[in-house]
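*Asks:* Just passing along the structure, written as structure tokens.
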Number of protein chains: 2
Amino acid sequence: MASLRDIGVSALLNIISAFVFLLAFALLRIQPINDRVYFPKWYLVGARTSPTHTANLVAKFVNLNYKTYLTFLNWMPQALRMKEPEIIDHAGLDSAAFLRIYVLGIKIFGPAAIVAFLVLIPVNVTGGLLFFLSKDLVISDIDKLSISNVQPKSPKFFAHISMMYLFTFWTCYMLYKEYDVVALMRLNFLASKSRRAEQFTVLVRNVPHVPDRSISDTVDFFFKKNHSNQYLCHESVYNANKFARAVRKRQKLQNRLDYNHLKFERRPHKRPTKKTGFLGLWGKEVDSIEYYQQQIKELDEKLMMERQRIFKDPKCIMPAAFVSFNSRWGAAVCAQTQQSKNPILWLTEWAPEPRDIYWKNLAIPFVSLSIRRLVISLAVFALVFFYIIPIAFVQSLANLDGLEKVVPFLRPVIELKFIKSFLQGFLPGLALKIFLWLLPGLLMTMSKLEGHVAFSVLERRTAGKYYFFMLVNVFLGSIVTGTAFEQLDSFLHQSPTQIPRTIGVSIPMKATFFITYIMVDGWAGMAGEILRLKPLIMFHIKNMLIVKTERDRQKAMNPKSIDFPEAIPSLQLYFLMGAVYAVVTPILLPFILIFFAFAYFVYRHQVINVYHQRYESAAAFWPHVHTRILASLLISQILLLGLLSTKKAVNSTPLLVVLPVLTITFHKYCKNRFEPAFRKYPLEEAVEKDTQDEASEPEIDMKSYLSEAYLHPVLRSFEEIELVEVKVDNKRAHVPSQLAIEPVSGSHSTEPASGSHSNRASPNVQHLEVVVEQHEIVYKKQHETSINVGAMHQ
Amino acid sequence: MASLRDIGVSALLNIISAFVFLLAFALLRIQPINDRVYFPKWYLVGARTSPTHTANLVAKFVNLNYKTYLTFLNWMPQALRMKEPEIIDHAGLDSAAFLRIYVLGIKIFGPAAIVAFLVLIPVNVTGGLLFFLSKDLVISDIDKLSISNVQPKSPKFFAHISMMYLFTFWTCYMLYKEYDVVALMRLNFLASKSRRAEQFTVLVRNVPHVPDRSISDTVDFFFKKNHSNQYLCHESVYNANKFARAVRKRQKLQNRLDYNHLKFERRPHKRPTKKTGFLGLWGKEVDSIEYYQQQIKELDEKLMMERQRIFKDPKCIMPAAFVSFNSRWGAAVCAQTQQSKNPILWLTEWAPEPRDIYWKNLAIPFVSLSIRRLVISLAVFALVFFYIIPIAFVQSLANLDGLEKVVPFLRPVIELKFIKSFLQGFLPGLALKIFLWLLPGLLMTMSKLEGHVAFSVLERRTAGKYYFFMLVNVFLGSIVTGTAFEQLDSFLHQSPTQIPRTIGVSIPMKATFFITYIMVDGWAGMAGEILRLKPLIMFHIKNMLIVKTERDRQKAMNPKSIDFPEAIPSLQLYFLMGAVYAVVTPILLPFILIFFAFAYFVYRHQVINVYHQRYESAAAFWPHVHTRILASLLISQILLLGLLSTKKAVNSTPLLVVLPVLTITFHKYCKNRFEPAFRKYPLEEAVEKDTQDEASEPEIDMKSYLSEAYLHPVLRSFEEIELVEVKVDNKRAHVPSQLAIEPVSGSHSTEPASGSHSNRASPNVQHLEVVVEQHEIVYKKQHETSINVGAMHQ
């Protein structure tokens, strides 16, 4: 058992490390050389470019203005300055809703902490059970503030039960209010969006094969018949994976060509050459520019052939289609209704945003989907329950007595007081954290195998799996390992009423572990998050080694999205800890509150300055957030029940049994009340928007507007490249780029950027349409992207 | 433990009683006086009327044709003669699908029984564990044929496991095929139906109150805006409960008036008189005919006032409406989509058939519904788990040793061998049966409180509750009471893996109990079902005492619908017993097979000749049937797992764990594959029907066709009564009725009849429309009913 002093040491350590991180961040962020690491969002939005010509070469890399060093903590007030509606404009509703989770945490646990400190802690302290026990028993000071200190059968437990009631009602109230607000925000956000392809489009899967008729004709026939007044057109889904590989190869060649062009420009007296053999190490020496031009020309021919083949070969056309309608009403109707007599054919759902689509999964047939889901859920179950073995092993190592037995020669070192505290406070949390690092990628792969067709769904499913993992392994695993969780088997052999009791009993004992966990994972972790050490190092390494053109620099900067599949479940673990310990060991609450507040600051800063969302789901993850917080509440109620039953407060049981029932009812009510707002698109809304559109732009040609919106991005990308004239030095930022050109190529890695145009405010779109009109429709989308960016810089 | 001899006695007893019932039925059914009890369906269809004039008065009551007595068992082949499509025409798809469940039972358990007898029983018998045990241990001969006879750790258990695999695959295969067939039947049935109001109508609930606008205007405005091309008209829902009471009173008065008219006709020299006081025992003597005419006149005025008030008073208009569309497509779209931004307003669902609606529940607001469901589910839970106490008590009485202790003076009687066998064989089953008689009414009331708006849904919900009850109390309760089920509490304190073991162990021991249960409940019960003793007695009592007019006779005959809420769950209990014992004690299977076959005969006869369905849900209950059979399969797998783990066949566990996982996957697949066919209406289908209609009757006036279809039946009923001229003697069947008039009044009790017209084959409807055209629309529906019946008799 860690003593209060251990906690103090650990807290000090973590505070220091957090402070060091913050200081490092404050210093690094004001160096111009790191500008693209800490403010990439502004580059992408177009409000910031590489520093313009200055006389001093050093000033381009190092901040020489000493005044800025004095105000190095001013990012905190800056992060708060932007209002929520601005954040929604700037970074999208997903990010804004994500920030609200932290505020929700403060709103729930703030008052809970105050009440607990005013009422529960005095009640616990005066109980004094543990004061009578001999000092030999390992009991930490923290336990004296917890429910463990109350004597069995004491009527004082009614204080705890009342607190649980209060906490439940308060949490439900806050959750209800928040759900209401977010649902409204979502509706308003959707309503405020200008015309978007996905509002008119439905994804149809499992199109049946009709003999002697192409998929395209089948789709056309079916929708002309069954949605005669609404059906407009459709876009087939092509299997373009092979083509995508070729496009990626061409991009690489183009990049080398650009590099050689620049090389030649700078040293016009010598044409660059290269050897044709492996890695350019041997073989015939040729003129690089000519060589690459020749290669690209050859590849272009191949690509053209392959492209034509894709459009013609029926084998490349998948039994799925994006069907567009002439009104939002028509699309809403089609997405929500059953089309065919055979319920597994003609499955319709809202089309995700074009940039949100995970193309690879579009062709999975229905039967295969069922099997995939079964296999993956079994795999997740196995993963969750067998992953526990290594964790338990590491934690038993972190138990110092165990460690001394395994490596006896370390004994003298471990016995040093400071190191002992460090190990006890830091190690278990760290071990867990390392394990958790490996996980999200694996879970994402599993979700992809499950066959979801949108990145947003993939991320939500991954988050769900991750949360399940955290719940079982981090939370329950940590609580029970030390006491009774020798094997999963022993757990299975307990009675259903015994399980909460077993866990409940060990909860107060594990408070110190979770406090250190919060400090390591929450406090220091958040400071690490804002420091962006990994992206910082990666950016500079890439800049030195790989970056040859401006396009490369853009790639190297790639700020990525908020890591929802990892961030949200981790965050929800704090809700779980808070809910469980609010009544049992309220001393934990301030640690959680500090985490929520600090994380709120950090993520607000990151959302404003760093992250660039790959897609916009309009807070579609909120129902999951809500449900999981409620699940935490339920778990806390059941565990308190178990704990109290060991305290022989049996007559309190009926009082506590009521709470889970009420919580479940509340959940059901909220599900009915709010969830449709996140899953369906009300016809009322659709009609309103349709009417507005009709009034504002009565004669827009919807068909040309929608056509090609859902073409696989690679199929339109490579011809685009010619249009982008690149004149960039490969030495970093020597010649400032006038055009911050986005990489429009459609390979997997660049999708976040290629879709970014649609995230912007609407006025630009109209402006663009004037500019673009003379271009061919095929290229329209890409032009919007690049020209729009250009326009904003002029 | 009952010995094989006890079973034999019990079987003999039950066979005799079943035979007596059948004989009684065969004799009673050919008596003309009972014709309306055994063939009411034909009266309602119109194919049969009261016997026409015969010279012999006796022949009207007693069958004097001795030849018919010789062929008294000919109802069995008769029952089989009608083909399935004819049954669908004659009695509806619900009845036909219901019959299919019995056939399904035979299909599943027939081959299973053969395999089990050829393989498992030899394996069990040669095991011979029990032969070695001393005779003192109470082990019945049946156990020697069961799995109990196999020695622990024997490799023979792999025979049982293989059998379980075989049985699972076979059952799933049959279920899949059956689901497929029923889904297709449903689609064809819906497609073959002619134009029906419910195909164009959607029930809208939770219409919001807009200030200064009536509900009707709000509905009109909303649907004109959001379904502008499809919306046709709507019918408000009125709160007419008070009015309905007055209508019932008027009916009673009218009945008395008719009676007195008839009385006066027969004895024209003396006008009938009555006293105005209580029950006509004292007070002023008045002329009966004048008195009732006066009373009716007064009541009519009141009714007219009340009727006008209902239509005008906004308080009587509920926030719900039946919204009709000009096409099936429009209605299908509206029923399947979300209408409003606020997901708890404007809730749409398919309107049930007019005769299927449970009017009282139409006005329950959304919030109240959530609370009602919570409260009722808690109540059901309590009912299920506390009902067990009296059952356990009765069964402990039925345990003879217990009985002898309670009533020692009965000992000599009980010790008589025959009586002992009787008690042991008959009593436990009977006690259960008596308890179960009380239940369905209670569960139906609970379902009504839950707030469902259609009788079909109410019955399905009741069936669900009833099945849950049977599962826990009849099945699990019977198995465990004798061994470990002292209290629910002790059950809660077992580990999750211990529970199937506890139950599994006692399963083979309870085989004899279930065999007697099958014989009492199944065999004798079915014979009782066909005898219709209660309706027979009630009909004759009513005929003697109450029946004054032909309308009364019609009422007395009321054949009711098949009692789905009771029949389906009872039936599914047999599937459960069959699945559980197929591998453990296969000797049970023939008993179940005999039940299925016999019940099939009986219900086929009843469906053809007796029952008259109150509504037609087009086999909407099938998904429940399917799911519950699968649940039985799952239970049987888990119990076998528990049983085998006590037999120390541990290495078989992994083999058996696979089965539940596969079963659940199969369930999910079927749910996706078939359930939409039962819950949604595919647009493809809707468009097809719409196109057909357009081609066949292009200029039908949909608005007048649909208006009033969904008016509360009482609101149009009482004016109707004048139209029906009744000239019937109150002495039973003296004057044969030329017109088999249906009671058209709309009070609760007569709803089954008032809707019966729509169950008829379509050609009549067109015929009717010609006849009816000159009448006012308000009366149209009622005319259809009465005139239709009249027309068919002429």
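Going through the structure tokens in order, the chains are called A, B, and so on, while each chain numbers its residues from 1 and the ligands are numbered from 1 in the order shown.
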For chain A, list the residues within 9 Å of chain B, counting only C-alpha atoms, and write the list as a VMD selection string.
*Replies:* chain A and resid 187 222 225 to 227 329 332 to 344 367 370 to 371 374 491 to 498 661 to 662 665 668 to 669 672 to 677 680 to 688
*Asks:* Keeping only C-alpha atoms, write those residues as a PDB file, in the first residue's frame.
*Replies:*
```pdb
ATOM      1  CA  LEU A 187     -29.324  19.965 -35.882  1.00  0.00           C
ATOM      2  CA  PHE A 222     -34.803   0.139 -59.731  1.00  0.00           C
ATOM      3  CA  LYS A 225     -39.298   2.712 -60.688  1.00  0.00           C
ATOM      4  CA  ASN A 226     -39.417   3.066 -56.925  1.00  0.00           C
ATOM      5  CA  HIS A 227     -38.392   6.691 -56.438  1.00  0.00           C
ATOM      6  CA  TRP A 329     -36.378  14.876 -48.828  1.00  0.00           C
ATOM      7  CA  ALA A 332     -33.925  11.119 -46.468  1.00  0.00           C
ATOM      8  CA  VAL A 333     -36.824   8.932 -47.537  1.00  0.00           C
ATOM      9  CA  CYS A 334     -34.611   6.485 -49.374  1.00  0.00           C
ATOM     10  CA  ALA A 335     -32.088   6.244 -46.558  1.00  0.00           C
ATOM     11  CA  GLN A 336     -34.716   5.465 -43.946  1.00  0.00           C
ATOM     12  CA  THR A 337     -36.958   3.024 -45.752  1.00  0.00           C
ATOM     13  CA  GLN A 338     -36.726  -0.566 -46.809  1.00  0.00           C
ATOM     14  CA  GLN A 339     -36.434  -0.886 -50.554  1.00  0.00           C
ATOM     15  CA  SER A 340     -36.721  -4.489 -51.519  1.00  0.00           C
ATOM     16  CA  LYS A 341     -38.915  -7.439 -50.668  1.00  0.00           C
ATOM     17  CA  ASN A 342     -35.748  -9.328 -49.865  1.00  0.00           C
ATOM     18  CA  PRO A 343     -34.478  -7.448 -46.822  1.00  0.00           C
ATOM     19  CA  ILE A 344     -30.816  -8.178 -47.540  1.00  0.00           C
ATOM     20  CA  VAL A 367     -23.585 -12.750 -45.585  1.00  0.00           C
ATOM     21  CA  SER A 370     -22.497 -11.288 -40.456  1.00  0.00           C
ATOM     22  CA  ILE A 371     -19.635 -13.744 -40.319  1.00  0.00           C
ATOM     23  CA  LEU A 374     -19.064 -12.750 -35.345  1.00  0.00           C
ATOM     24  CA  PHE A 491     -14.165 -15.198 -11.471  1.00  0.00           C
ATOM     25  CA  LEU A 492     -16.539 -17.384 -13.415  1.00  0.00           C
ATOM     26  CA  HIS A 493     -17.024 -19.623 -10.449  1.00  0.00           C
ATOM     27  CA  GLN A 494     -18.317 -16.933  -8.171  1.00  0.00           C
ATOM     28  CA  SER A 495     -22.009 -16.284  -7.755  1.00  0.00           C
ATOM     29  CA  PRO A 496     -23.502 -13.236  -9.484  1.00  0.00           C
ATOM     30  CA  THR A 497     -23.936 -11.480  -6.164  1.00  0.00           C
ATOM     31  CA  GLN A 498     -20.418 -12.322  -5.072  1.00  0.00           C
ATOM     32  CA  VAL A 661     -33.267   0.452 -12.282  1.00  0.00           C
ATOM     33  CA  LEU A 662     -33.761   4.211 -12.437  1.00  0.00           C
ATOM     34  CA  THR A 665     -34.855   3.718 -17.344  1.00  0.00           C
ATOM     35  CA  LYS A 668     -33.890   4.123 -22.317  1.00  0.00           C
ATOM     36  CA  TYR A 669     -35.712   7.409 -22.162  1.00  0.00           C
ATOM     37  CA  ASN A 672     -35.740   7.359 -27.448  1.00  0.00           C
ATOM     38  CA  ARG A 673     -35.645  11.056 -26.838  1.00  0.00           C
ATOM     39  CA  PHE A 674     -32.357  12.039 -28.423  1.00  0.00           C
ATOM     40  CA  GLU A 675     -30.768   9.246 -30.387  1.00  0.00           C
ATOM     41  CA  PRO A 676     -32.900   9.592 -33.526  1.00  0.00           C
ATOM     42  CA  ALA A 677     -31.422  13.077 -33.901  1.00  0.00           C
ATOM     43  CA  LYS A 680     -31.873   9.795 -38.766  1.00  0.00           C
ATOM     44  CA  TYR A 681     -32.571  12.930 -40.732  1.00  0.00           C
ATOM     45  CA  PRO A 682     -36.045  14.309 -40.016  1.00  0.00           C
ATOM     46  CA  LEU A 683     -38.186  15.029 -43.050  1.00  0.00           C
ATOM     47  CA  GLU A 684     -39.272  18.351 -41.529  1.00  0.00           C
ATOM     48  CA  GLU A 685     -35.671  19.498 -41.634  1.00  0.00           C
ATOM     49  CA  ALA A 686     -35.143  18.176 -45.148  1.00  0.00           C
ATOM     50  CA  VAL A 687     -38.190  19.989 -46.459  1.00  0.00           C
ATOM     51  CA  GLU A 688     -37.124  23.235 -44.812  1.00  0.00           C
TER      52      GLU A 688
END
```
*Asks:* Got a sec: who's within 10 Å of Val20 (chain B), counting only C-alpha atoms, leaving out chain neighbours fewer than 4 positions off, as a list in words?
*Replies:*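 So the residues in contact are Asn14, Ile15, Ile16, Ala24, Phe25, Ala26, Ala524, Ala527, Gly528 and Leu531 of chain B.
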*Asks:* Got time to write the residues from that selection, N, CA and C atoms, as a PDB file, in the first residue's frame?
*Replies:*
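File produced: result06.pdb:
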```pdb
ATOM      1  N   ASN B  14     -55.030 -40.691 -19.137  1.00  0.00           N
ATOM      2  CA  ASN B  14     -55.139 -39.543 -20.030  1.00  0.00           C
ATOM      3  C   ASN B  14     -55.690 -39.937 -21.378  1.00  0.00           C
ATOM      4  N   ILE B  15     -55.268 -41.104 -21.835  1.00  0.00           N
ATOM      5  CA  ILE B  15     -55.802 -41.559 -23.123  1.00  0.00           C
ATOM      6  C   ILE B  15     -57.294 -41.780 -23.000  1.00  0.00           C
ATOM      7  N   ILE B  16     -57.709 -42.387 -21.885  1.00  0.00           N
ATOM      8  CA  ILE B  16     -59.147 -42.616 -21.686  1.00  0.00           C
ATOM      9  C   ILE B  16     -59.892 -41.296 -21.644  1.00  0.00           C
ATOM     10  N   ALA B  24     -67.468 -37.665 -26.773  1.00  0.00           N
ATOM     11  CA  ALA B  24     -68.495 -36.675 -26.431  1.00  0.00           C
ATOM     12  C   ALA B  24     -68.596 -35.640 -27.536  1.00  0.00           C
ATOM     13  N   PHE B  25     -67.432 -35.196 -27.996  1.00  0.00           N
ATOM     14  CA  PHE B  25     -67.424 -34.208 -29.069  1.00  0.00           C
ATOM     15  C   PHE B  25     -68.110 -34.735 -30.307  1.00  0.00           C
ATOM     16  N   ALA B  26     -67.724 -35.987 -30.667  1.00  0.00           N
ATOM     17  CA  ALA B  26     -68.280 -36.558 -31.887  1.00  0.00           C
ATOM     18  C   ALA B  26     -69.798 -36.668 -31.807  1.00  0.00           C
ATOM     19  N   ALA B 524     -54.979 -34.621 -23.065  1.00  0.00           N
ATOM     20  CA  ALA B 524     -56.331 -34.405 -22.551  1.00  0.00           C
ATOM     21  C   ALA B 524     -56.762 -32.967 -22.796  1.00  0.00           C
ATOM     22  N   ALA B 527     -57.990 -32.541 -26.312  1.00  0.00           N
ATOM     23  CA  ALA B 527     -59.320 -33.138 -26.457  1.00  0.00           C
ATOM     24  C   ALA B 527     -60.376 -32.227 -25.825  1.00  0.00           C
ATOM     25  N   GLY B 528     -60.006 -31.595 -24.701  1.00  0.00           N
ATOM     26  CA  GLY B 528     -60.914 -30.634 -24.071  1.00  0.00           C
ATOM     27  C   GLY B 528     -61.153 -29.428 -24.964  1.00  0.00           C
ATOM     28  N   LEU B 531     -63.657 -30.255 -27.556  1.00  0.00           N
ATOM     29  CA  LEU B 531     -65.003 -30.467 -27.000  1.00  0.00           C
ATOM     30  C   LEU B 531     -65.719 -29.144 -26.738  1.00  0.00           C
TER      31      LEU B 531
END
```
*Asks:* Would you please extract all helix (DSSP H, G or I) residues from region 211-377 of chain B, as assigned by DSSP on the backbone, and give them as a ChimeraX atom specification?
*Replies:* /B:215-226,241-266,278-280,288-312,314-316,328-336,354-356,359-363,366-377
*Asks:* If we count only C-alpha atoms, what is near Arg307 (chain A) at a cut-off of 12 Å, once residues fewer than 3 positions away on the same chain are taken out, given as a VMD selection string?
*Replies:* chain A and resid 238 to 244 246 to 247 299 to 304 310 to 313 316 712 714 to 719
*Asks:* I'd like the neighbourhood of Met577 (chain A) as a ChimeraX atom specification, where a residue qualifies if any of its atoms comes within 9 Å (using only C-alpha atoms), though same-chain residues fewer than 4 positions away should be ignored.
*Replies:* /A:475,514,572-573,581-582,588-589,592,632,636
*Asks:* Write the residues of the preceding selection, restricted to all heavy atoms, as a PDB file, in the first residue's frame.
*Replies:*
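The new file result03.pdb reads:
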```pdb
ATOM      1  N   PHE A 475      -9.494  -0.997 -15.600  1.00  0.00           N
ATOM      2  CA  PHE A 475     -10.255  -0.714 -14.387  1.00  0.00           C
ATOM      3  C   PHE A 475     -10.463  -1.961 -13.535  1.00  0.00           C
ATOM      4  O   PHE A 475      -9.888  -2.102 -12.462  1.00  0.00           O
ATOM      5  CB  PHE A 475     -11.594  -0.066 -14.754  1.00  0.00           C
ATOM      6  CG  PHE A 475     -12.332   0.404 -13.542  1.00  0.00           C
ATOM      7  CD1 PHE A 475     -11.902   1.519 -12.843  1.00  0.00           C
ATOM      8  CD2 PHE A 475     -13.427  -0.286 -13.069  1.00  0.00           C
ATOM      9  CE1 PHE A 475     -12.550   1.933 -11.710  1.00  0.00           C
ATOM     10  CE2 PHE A 475     -14.087   0.126 -11.934  1.00  0.00           C
ATOM     11  CZ  PHE A 475     -13.644   1.241 -11.255  1.00  0.00           C
ATOM     12  N   PHE A 514      -5.094   4.396  -8.496  1.00  0.00           N
ATOM     13  CA  PHE A 514      -5.750   5.210  -9.516  1.00  0.00           C
ATOM     14  C   PHE A 514      -5.312   6.670  -9.443  1.00  0.00           C
ATOM     15  O   PHE A 514      -5.274   7.364 -10.453  1.00  0.00           O
ATOM     16  CB  PHE A 514      -7.266   5.071  -9.424  1.00  0.00           C
ATOM     17  CG  PHE A 514      -7.752   3.789 -10.008  1.00  0.00           C
ATOM     18  CD1 PHE A 514      -8.256   2.783  -9.208  1.00  0.00           C
ATOM     19  CD2 PHE A 514      -7.666   3.556 -11.364  1.00  0.00           C
ATOM     20  CE1 PHE A 514      -8.677   1.586  -9.756  1.00  0.00           C
ATOM     21  CE2 PHE A 514      -8.081   2.360 -11.915  1.00  0.00           C
ATOM     22  CZ  PHE A 514      -8.584   1.378 -11.104  1.00  0.00           C
ATOM     23  N   GLN A 572     -13.228   8.552 -20.961  1.00  0.00           N
ATOM     24  CA  GLN A 572     -14.376   7.970 -20.263  1.00  0.00           C
ATOM     25  C   GLN A 572     -13.948   7.121 -19.080  1.00  0.00           C
ATOM     26  O   GLN A 572     -14.701   6.935 -18.135  1.00  0.00           O
ATOM     27  CB  GLN A 572     -15.220   7.178 -21.253  1.00  0.00           C
ATOM     28  CG  GLN A 572     -16.095   8.136 -22.050  1.00  0.00           C
ATOM     29  CD  GLN A 572     -16.627   7.531 -23.308  1.00  0.00           C
ATOM     30  OE1 GLN A 572     -16.102   6.569 -23.836  1.00  0.00           O
ATOM     31  NE2 GLN A 572     -17.697   8.114 -23.810  1.00  0.00           N
ATOM     32  N   LEU A 573     -12.733   6.665 -19.130  1.00  0.00           N
ATOM     33  CA  LEU A 573     -12.214   5.934 -17.974  1.00  0.00           C
ATOM     34  C   LEU A 573     -12.178   6.853 -16.748  1.00  0.00           C
ATOM     35  O   LEU A 573     -12.411   6.413 -15.620  1.00  0.00           O
ATOM     36  CB  LEU A 573     -10.821   5.404 -18.289  1.00  0.00           C
ATOM     37  CG  LEU A 573     -10.310   4.335 -17.348  1.00  0.00           C
ATOM     38  CD1 LEU A 573     -11.130   3.077 -17.490  1.00  0.00           C
ATOM     39  CD2 LEU A 573      -8.846   4.024 -17.624  1.00  0.00           C
ATOM     40  N   TYR A 581     -15.394   6.366  -7.373  1.00  0.00           N
ATOM     41  CA  TYR A 581     -14.748   6.850  -6.152  1.00  0.00           C
ATOM     42  C   TYR A 581     -15.435   8.050  -5.522  1.00  0.00           C
ATOM     43  O   TYR A 581     -15.063   8.449  -4.423  1.00  0.00           O
ATOM     44  CB  TYR A 581     -13.277   7.147  -6.430  1.00  0.00           C
ATOM     45  CG  TYR A 581     -12.449   5.884  -6.470  1.00  0.00           C
ATOM     46  CD1 TYR A 581     -12.030   5.326  -7.662  1.00  0.00           C
ATOM     47  CD2 TYR A 581     -12.131   5.229  -5.281  1.00  0.00           C
ATOM     48  CE1 TYR A 581     -11.306   4.148  -7.694  1.00  0.00           C
ATOM     49  CE2 TYR A 581     -11.404   4.050  -5.293  1.00  0.00           C
ATOM     50  CZ  TYR A 581     -10.997   3.515  -6.500  1.00  0.00           C
ATOM     51  OH  TYR A 581     -10.291   2.351  -6.514  1.00  0.00           O
ATOM     52  N   ALA A 582     -16.408   8.630  -6.215  1.00  0.00           N
ATOM     53  CA  ALA A 582     -17.066   9.827  -5.671  1.00  0.00           C
ATOM     54  C   ALA A 582     -17.605   9.552  -4.274  1.00  0.00           C
ATOM     55  O   ALA A 582     -17.556  10.403  -3.388  1.00  0.00           O
ATOM     56  CB  ALA A 582     -18.194  10.265  -6.596  1.00  0.00           C
ATOM     57  N   LEU A 588     -10.166  11.285  -4.356  1.00  0.00           N
ATOM     58  CA  LEU A 588      -9.720  11.114  -5.736  1.00  0.00           C
ATOM     59  C   LEU A 588     -10.266  12.196  -6.665  1.00  0.00           C
ATOM     60  O   LEU A 588      -9.686  12.490  -7.712  1.00  0.00           O
ATOM     61  CB  LEU A 588     -10.209   9.742  -6.221  1.00  0.00           C
ATOM     62  CG  LEU A 588      -9.506   9.110  -7.420  1.00  0.00           C
ATOM     63  CD1 LEU A 588      -8.486   8.104  -6.934  1.00  0.00           C
ATOM     64  CD2 LEU A 588     -10.530   8.391  -8.297  1.00  0.00           C
ATOM     65  N   LEU A 589     -11.397  12.775  -6.269  1.00  0.00           N
ATOM     66  CA  LEU A 589     -12.082  13.692  -7.184  1.00  0.00           C
ATOM     67  C   LEU A 589     -11.245  14.901  -7.602  1.00  0.00           C
ATOM     68  O   LEU A 589     -11.246  15.258  -8.777  1.00  0.00           O
ATOM     69  CB  LEU A 589     -13.420  14.135  -6.581  1.00  0.00           C
ATOM     70  CG  LEU A 589     -14.491  13.052  -6.502  1.00  0.00           C
ATOM     71  CD1 LEU A 589     -15.783  13.627  -5.948  1.00  0.00           C
ATOM     72  CD2 LEU A 589     -14.758  12.453  -7.878  1.00  0.00           C
ATOM     73  N   ILE A 592      -9.049  14.169 -10.451  1.00  0.00           N
ATOM     74  CA  ILE A 592      -9.766  14.056 -11.724  1.00  0.00           C
ATOM     75  C   ILE A 592     -10.166  15.428 -12.246  1.00  0.00           C
ATOM     76  O   ILE A 592     -10.055  15.712 -13.443  1.00  0.00           O
ATOM     77  CB  ILE A 592     -11.003  13.147 -11.534  1.00  0.00           C
ATOM     78  CG1 ILE A 592     -10.545  11.713 -11.375  1.00  0.00           C
ATOM     79  CG2 ILE A 592     -11.941  13.270 -12.704  1.00  0.00           C
ATOM     80  CD1 ILE A 592     -11.660  10.731 -11.213  1.00  0.00           C
ATOM     81  N   SER A 632     -20.902   3.851 -16.646  1.00  0.00           N
ATOM     82  CA  SER A 632     -20.003   4.065 -15.509  1.00  0.00           C
ATOM     83  C   SER A 632     -20.812   4.246 -14.232  1.00  0.00           C
ATOM     84  O   SER A 632     -20.478   3.696 -13.177  1.00  0.00           O
ATOM     85  CB  SER A 632     -19.165   5.316 -15.725  1.00  0.00           C
ATOM     86  OG  SER A 632     -18.527   5.276 -16.949  1.00  0.00           O
ATOM     87  N   SER A 636     -20.741   1.959 -10.916  1.00  0.00           N
ATOM     88  CA  SER A 636     -20.442   2.503  -9.585  1.00  0.00           C
ATOM     89  C   SER A 636     -21.542   2.130  -8.592  1.00  0.00           C
ATOM     90  O   SER A 636     -21.269   1.814  -7.433  1.00  0.00           O
ATOM     91  CB  SER A 636     -20.271   4.014  -9.669  1.00  0.00           C
ATOM     92  OG  SER A 636     -21.504   4.637  -9.843  1.00  0.00           O
TER      93      SER A 636
END
```
*Asks:* What lies within 7 Å of Glu349 (chain B) using only C-alpha atoms, ignoring chain neighbours under 6 positions off, as number ranges by chain?
*Replies:* B: 202-204, 335
*Asks:* Would you export the selected residues with C-alpha atoms as a compact mmCIF listing (two decimals), in the first residue's frame, please?
*Replies:*
```txt
# COMPACT_ATOMS: atom_id res chain seq x y z
CA VAL B 202 -50.29 5.94 -40.83
CA LEU B 203 -50.94 6.46 -37.16
CA VAL B 204 -49.36 9.67 -35.89
CA ALA B 335 -44.40 5.17 -41.54
```
*Asks:* Please provide as a list of chain:residue names all residues within 12 Å of Leu383 (chain B), with the sequence filter that same-chain residues fewer than 5 positions apart are discarded (counting only C-alpha atoms).
*Replies:*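 Result of the neighbour search: B:Ile376, B:Ser377, B:Leu378, B:Ile388, B:Ile389, B:Pro390, B:Leu439, B:Leu442, B:Leu443, B:Met446, B:Lys465, B:Tyr466, B:Phe468, B:Phe469, B:Met470, B:Val472, B:Asn473.
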